[in-house]
Amino acid sequence: MSDALLDEASAPTGIDALRADIASRGAVAVEGVSFPVVEGARAFFCYVGAADDVLLHHWIFGLESAVPFHRTAPDVWTLEIEIQESARVEYKLGVERDGQHRLLQDPLNPSLAMDPFGSNSVATGPSYTAPWWALEDRAKRRGRVLERRLKSRVFGDVRPLSIYLPPRYRETRRYPLIVCHDGLDYLAYCNLARVLDNLIDRQEIPPLLVCCTQSPDRIQEYAACDQHVEFLCDELLGLMQEEFSLRDGPEDRCLMGASFGAVASLHAAVERPGVFGRLFLQSGSFAFTDIGPHDRPPVFDPVVRFVNGFRKNPARPAERVFLSCGTYESLMVYNRSMLPLLRGVGVEATLVEAQDGHNWENWRDQLRAGLTWLFPGPLWMVYE
Amino acid sequence: MLLLGPQHNVQSLREGLVEVGARPPYVLVAAGWEEREAETAALEKHLGSRVANLSLWPACEEAFEADHELRAAMFDRQDRLRELGRLYRVRLAAELEALRELLSSVDPAAPGELVGPALEPAFESLAALDEHHLGRVRALNDEVFGAVCTRPSLARHREVVARRLADAGTLLVAGGHVGILYDRMRLFGVTEALPEQLPVAGWSAGAMVLTDRILLFHDSPPQGPGDAEIHGPGFGLAPAVACLPHASSRLDLDDAARVALLARRVGAAALAVALDDGQRVLSVPGAEGWRFDGSASILGSDGVVVTPTRGAAR
């Protein structure tokens with residue numbers, strides 16, 4: 001091999017050059033650079049500031065949850081990790097100093113993901129692209145979100161509902177209905193209304209209504225709770241049927257939710273088969289034990305009892321079920337195991353896996369696949 | 001009779017109308033555009049002439065709002081149509097899978113002495129299924145439209161339609177949602193009131209509804225298997241032709257097996273014609289078959305897509 005070829009083969013890449021520059025010039029070398037720098041499967045993080053230790057905290061199941069940075073120059077800390085092609089990783093930096101531990105967003109990364117508890121920094125693999133249909137307002141017409149209050153006999157209180165009506169909703173048409181658990185969070189953190197506007201506008205889904213419900217005590221009410229089934233099937237559905245022009249078959253009714261919201265959806269469909277014929281289950285907390293006790297918090301007790309019972313004696317809860325889950329979630333094994341179980345009882349079921357974690361943007365990113373699979377739009381019928 | 005592809009990007013309607021000797025006044029059905037039915041300015045500019053819009057969309061909305069029995073009857077038809085479609089697709093998927101498997105290992109133009117004879121009964125079985133479904137939808141349509149068309153809520157606008165068509169020089173049928181277009185035309189008796197020999201031009205979905213049967217197709221839709229299916233009967237004004245608008249974007253025309261399958265499927269009764277932007281075929285009184293203008297293509301049962309030369313008749 002000639003010297004020239006040797007030099008070319010060993011020439012430092014951007015990350016290598018940047019690391020060398022940091023070692024040589026310190027913090028000046030990262031001015032104007034956004035982190036992490038991603039090259040192929042390499043992601044390079046940096047923190048500038050006085051610290052005794054810096055850690056990358058992420059929520060990737062199976063990997064060490066706190067990965068230490070290395071001091072590359074005085075007050076400049078760096079870390080290189082492997083990142084998957086389509087990965088989306090939410091993280092925070094843990095900074096130790098003088099015995100104090102602070103958890104903070106990456107100051108050198110402008111990319112943030114919001115959730116009900118605040119926000120995380122985001123690193124993405126080279127092939128990940130944020131979905132335009134969730135972020136851009138391209139629809140020619142927008143739907144409306146109405147606010148309603150439902151006086152619940154079951155729970156003995158008043159429940160707020162946010163109801164998405166599609167553009168040009170009219171009483172002379174009939175519409176499918178989706179009931180969405182944690183619906184206000186879906187509206188806030190998944191841009192649900194914008195997603196619906198865009199997909200309806202592109203005729204990828206038909207015009208439909210989404211009733212967004214939010215529980216004041218979701219850990220209890222969504223954990224395979226019979227009261228919640230009654231609330232959904234009798235009270236909420238009754239109100240929707242009374243006030244709006246809905247199609248009346250189970251194939252036009254869907255329950256939707258993430259995490260415990262997916263448990264609540266499946267549980268209601270199992271308890272009242274034939275009411276909701278479509279299920280959209282995202283990162284379902286379908287914890288079970290084939291042997292011995294479960295190792296999750298006590299709030300999972302009723303969930304595990306329900307899922308164990310369903311696994312032992314599965315019934316057909318719905319006609320079509322769309323499941324999605326992140327490969328970085330500990331729940332993946334539960335969701336994968338649900339697929340053959342559902343298919344075994346004659347459900348048309350599919351599971352989409354994303355290189356992502358248990359978070360709202362993961363659930364947002366799967367909305368198009370799930371909604372179009374459950375409710376294919378009229379594109380088939382349109383020849384402009 | 002003039003059948004055209006989409007008119008959004010390449011407008012060829014005016015030129016085609018000259019070729020078939022069509023004249024104003026133009027009467028338009030644009031119910032497939034749904035809420036945009038009244039947006040006819042671009043069309044009028046292209047034609048250099050006003051069009052009389054039959055306004056079937058708002059007329060239908062008014063009738064649905066005023067006449068709950070009509071609405072209920074149409075909702076019931078929609079439910080039954082959907083169930084018929086579901087039953088049809090159960091068998092259709094199996095029939096198409098078998099044919100695709102048979103075609104996957106052979107040249108469709110020369111399937112050989114072992115596969116060739118196996119293809120014939122498979123195509124016959126598929127054709128019988130399509131006919132069966134078509135017959136059931138036709139019977140349902142005849143029953144429901146026969147019952148509702150005399151309702152007073154539709155009477156006034158049916159008269160308006162008949163009057164406008166009596167004075168028309170040409171009927172234009174625009175594209176859009178093919179199911180909605182067919183239903184509105186049927187509810188208001190457009191083809192029943194059509195004077196004999198009145199030139200008719202339809203584009204995209206508007207061309208599809210004029211044929212014997214409405215074939216829905218998309219090789220790679222966002223969801224689903226992409227199995228072309230019979231939606232139901234058309235109005236039969238343009239016989240023995242199957243219109244495939246947006247063919248190059250909705251069909252994989254380089255896949256000889258898929259092309260052959262689709263062509264054979266419609267080929268027994270009709271010519272499978274790909275109609276892309278601005279392309280057209282026409283028939284003129286007294287002449288046999290369809291005349292090509294050198295742009296529209298025909299899907300062949302050998303899997304090859306051919307473009308007849310200008311003026312060729314098929």
# chains A, B, ... in the order shown; residues from 1 in each chain; ligands from 1
>>> residues_around(residues="region 78-95 of chain B", least_positions_apart="4", cutoff="10 Å", atoms="only C-alpha atoms", output="list in words")
Arg247 and Gly249 of chain A; Ala72, Ala73, Met74, Leu99, Arg100, Ala122, Phe123, Ser125, Leu126, Ala127, Leu129, Asp130, His132, His133, Leu134, Arg136, Val137, Leu140, Asn141, Pro225, Gly226, Asp227, Ala228, Glu229, Ile230, His231 and Gly232 of chain B
>>> write_last_selection(atoms="C-alpha atoms", output="tab-separated table (two decimals), in the first residue's frame")
chain	number	residue	atom	x	y	z
A	247	ARG	CA	-71.39	5.12	12.44
A	249	GLY	CA	-70.83	-0.70	14.17
B	72	ALA	CA	-81.47	6.48	6.20
B	73	ALA	CA	-81.95	4.57	2.94
B	74	MET	CA	-78.61	5.79	1.62
B	99	LEU	CA	-52.79	-15.89	-10.05
B	100	ARG	CA	-49.77	-13.94	-8.86
B	122	ALA	CA	-57.70	-19.22	-12.55
B	123	PHE	CA	-58.62	-16.20	-14.71
B	125	SER	CA	-62.57	-18.06	-11.58
B	126	LEU	CA	-61.52	-14.46	-10.95
B	127	ALA	CA	-63.76	-13.20	-13.74
B	129	LEU	CA	-66.03	-13.58	-8.86
B	130	ASP	CA	-65.88	-10.06	-10.34
B	132	HIS	CA	-70.79	-12.06	-9.13
B	133	HIS	CA	-69.84	-9.01	-7.08
B	134	LEU	CA	-70.81	-6.66	-9.89
B	136	ARG	CA	-74.82	-8.03	-6.37
B	137	VAL	CA	-73.88	-4.34	-6.30
B	140	LEU	CA	-78.49	-3.35	-4.58
B	141	ASN	CA	-78.14	-0.10	-6.53
B	225	PRO	CA	-52.66	-5.19	-0.41
B	226	GLY	CA	-53.35	-3.05	-3.47
B	227	ASP	CA	-55.70	-5.55	-5.06
B	228	ALA	CA	-57.68	-3.91	-7.86
B	229	GLU	CA	-61.38	-4.41	-7.26
B	230	ILE	CA	-64.73	-3.86	-8.88
B	231	HIS	CA	-66.56	-1.04	-7.12
B	232	GLY	CA	-69.76	-1.54	-9.05
>>> interface_residues(of="chain A", to="chain B", cutoff="8 Å", atoms="only C-alpha atoms", output="list in words")
Thr172, Glu204, Thr372, Trp373, Pro376, Leu379, Trp380, Met381, Val382, Tyr383 and Glu384 of chain A
>>> residues_around(residues="region 175-181 of chain A", least_positions_apart="3", cutoff="6 Å", atoms="only C-alpha atoms", output="VMD selection string")
chain A and resid 208 to 213 246 to 247 252 to 257 261
>>> write_last_selection(atoms="C-alpha atoms", output="tab-separated table (two decimals), in the first residue's frame")
chain	number	residue	atom	x	y	z
A	208	LEU	CA	-63.40	10.84	11.94
A	209	LEU	CA	-64.04	12.01	15.49
A	210	VAL	CA	-61.63	11.57	18.37
A	211	CYS	CA	-62.89	11.88	21.92
A	212	CYS	CA	-59.92	12.72	24.13
A	213	THR	CA	-60.40	11.73	27.72
A	246	LEU	CA	-71.47	8.38	14.33
A	247	ARG	CA	-71.39	5.12	12.44
A	252	ASP	CA	-66.12	2.10	13.30
A	253	ARG	CA	-65.23	2.43	16.98
A	254	CYS	CA	-61.69	2.40	18.29
A	255	LEU	CA	-60.06	2.57	21.69
A	256	MET	CA	-56.61	4.04	21.80
A	257	GLY	CA	-53.95	4.64	24.41
A	261	GLY	CA	-53.87	3.75	28.43
>>> residues_around(residues="region 321-333 of chain A", least_positions_apart="3", cutoff="10 Å", atoms="only C-alpha atoms", output="PyMOL selection string")
chain A and resi 58-63+87-89+254-256+258-259+262+266+277-287+317-318+336-339+342-343+347-359+362-363+366-367+369-371+373-374
>>> residues_around(residues="Phe155 (chain A)", least_positions_apart="4", cutoff="9 Å", atoms="only C-alpha atoms", output="list in words")
Lys151, Arg159, Gln227, His228 and Phe231 of chain A
>>> write_last_selection(atoms="all heavy atoms", output="CSV table (one decimal), in the first residue's frame")
chain,number,residue,atom,x,y,z
A,151,LYS,N,-70.8,14.6,33.2
A,151,LYS,CA,-71.1,14.3,34.6
A,151,LYS,C,-71.1,12.7,34.7
A,151,LYS,O,-72.0,12.1,34.2
A,151,LYS,CB,-72.4,14.9,35.0
A,151,LYS,CG,-72.6,14.9,36.5
A,151,LYS,CD,-73.8,15.7,36.8
A,151,LYS,CE,-74.1,15.6,38.3
A,151,LYS,NZ,-75.3,16.2,38.7
A,159,ARG,N,-66.1,14.9,34.2
A,159,ARG,CA,-64.8,14.6,33.4
A,159,ARG,C,-64.8,15.6,32.2
A,159,ARG,O,-65.8,15.6,31.4
A,159,ARG,CB,-64.8,13.2,32.9
A,159,ARG,CG,-64.8,12.1,34.1
A,159,ARG,CD,-63.5,12.3,34.8
A,159,ARG,NE,-63.5,11.5,36.0
A,159,ARG,CZ,-62.8,10.4,36.3
A,159,ARG,NH1,-62.1,9.8,35.3
A,159,ARG,NH2,-62.8,9.9,37.5
A,227,GLN,N,-64.8,-0.1,36.7
A,227,GLN,CA,-65.5,1.2,36.7
A,227,GLN,C,-65.2,1.9,35.4
A,227,GLN,O,-66.0,2.6,34.8
A,227,GLN,CB,-65.0,2.0,37.8
A,227,GLN,CG,-65.8,1.8,39.1
A,227,GLN,CD,-65.3,2.8,40.2
A,227,GLN,OE1,-64.1,2.8,40.5
A,227,GLN,NE2,-66.2,3.6,40.7
A,228,HIS,N,-63.9,1.9,35.0
A,228,HIS,CA,-63.5,2.6,33.8
A,228,HIS,C,-64.2,2.0,32.5
A,228,HIS,O,-64.6,2.7,31.6
A,228,HIS,CB,-62.0,2.6,33.6
A,228,HIS,CG,-61.5,3.3,32.4
A,228,HIS,ND1,-61.6,4.7,32.4
A,228,HIS,CD2,-60.9,2.9,31.3
A,228,HIS,CE1,-61.1,5.1,31.2
A,228,HIS,NE2,-60.7,4.1,30.5
A,231,PHE,N,-67.6,3.4,32.5
A,231,PHE,CA,-67.5,4.8,32.1
A,231,PHE,C,-67.4,5.0,30.6
A,231,PHE,O,-68.1,5.7,29.9
A,231,PHE,CB,-66.3,5.5,32.8
A,231,PHE,CG,-65.9,6.9,32.3
A,231,PHE,CD1,-66.7,8.0,32.5
A,231,PHE,CD2,-64.8,7.0,31.5
A,231,PHE,CE1,-66.4,9.2,32.1
A,231,PHE,CE2,-64.5,8.3,31.0
A,231,PHE,CZ,-65.3,9.4,31.3
>>> residues_around(residues="Ala240 (chain B)", least_positions_apart="4", cutoff="10 Å", atoms="only C-alpha atoms", output="PDB file with C-alpha atoms, in the first residue's frame")
ATOM      1  CA  THR B 211     -67.739   2.952 -18.528  1.00  0.00           C
ATOM      2  CA  ASP B 212     -69.496  -0.373 -17.936  1.00  0.00           C
ATOM      3  CA  ARG B 213     -67.912  -1.049 -14.581  1.00  0.00           C
ATOM      4  CA  GLY B 236     -72.250   2.103 -19.616  1.00  0.00           C
ATOM      5  CA  VAL B 266     -60.662  -6.565 -17.725  1.00  0.00           C
ATOM      6  CA  GLY B 267     -59.602  -7.677 -21.181  1.00  0.00           C
ATOM      7  CA  ALA B 268     -62.357 -10.168 -21.850  1.00  0.00           C
ATOM      8  CA  ALA B 269     -64.943  -7.411 -21.812  1.00  0.00           C
ATOM      9  CA  ALA B 270     -62.960  -4.221 -22.241  1.00  0.00           C
ATOM     10  CA  LEU B 271     -59.786  -2.485 -23.324  1.00  0.00           C
ATOM     11  CA  ALA B 272     -57.581  -1.510 -20.361  1.00  0.00           C
ATOM     12  CA  GLY B 289     -64.077   1.353 -31.483  1.00  0.00           C
ATOM     13  CA  TRP B 290     -61.914   3.880 -29.657  1.00  0.00           C
TER      14      TRP B 290
END
>>> select_by_dssp(residues="region 315-372 of chain A", states="strand (DSSP E or B)", output="PyMOL selection string")
chain A and resi 320-326+348-354
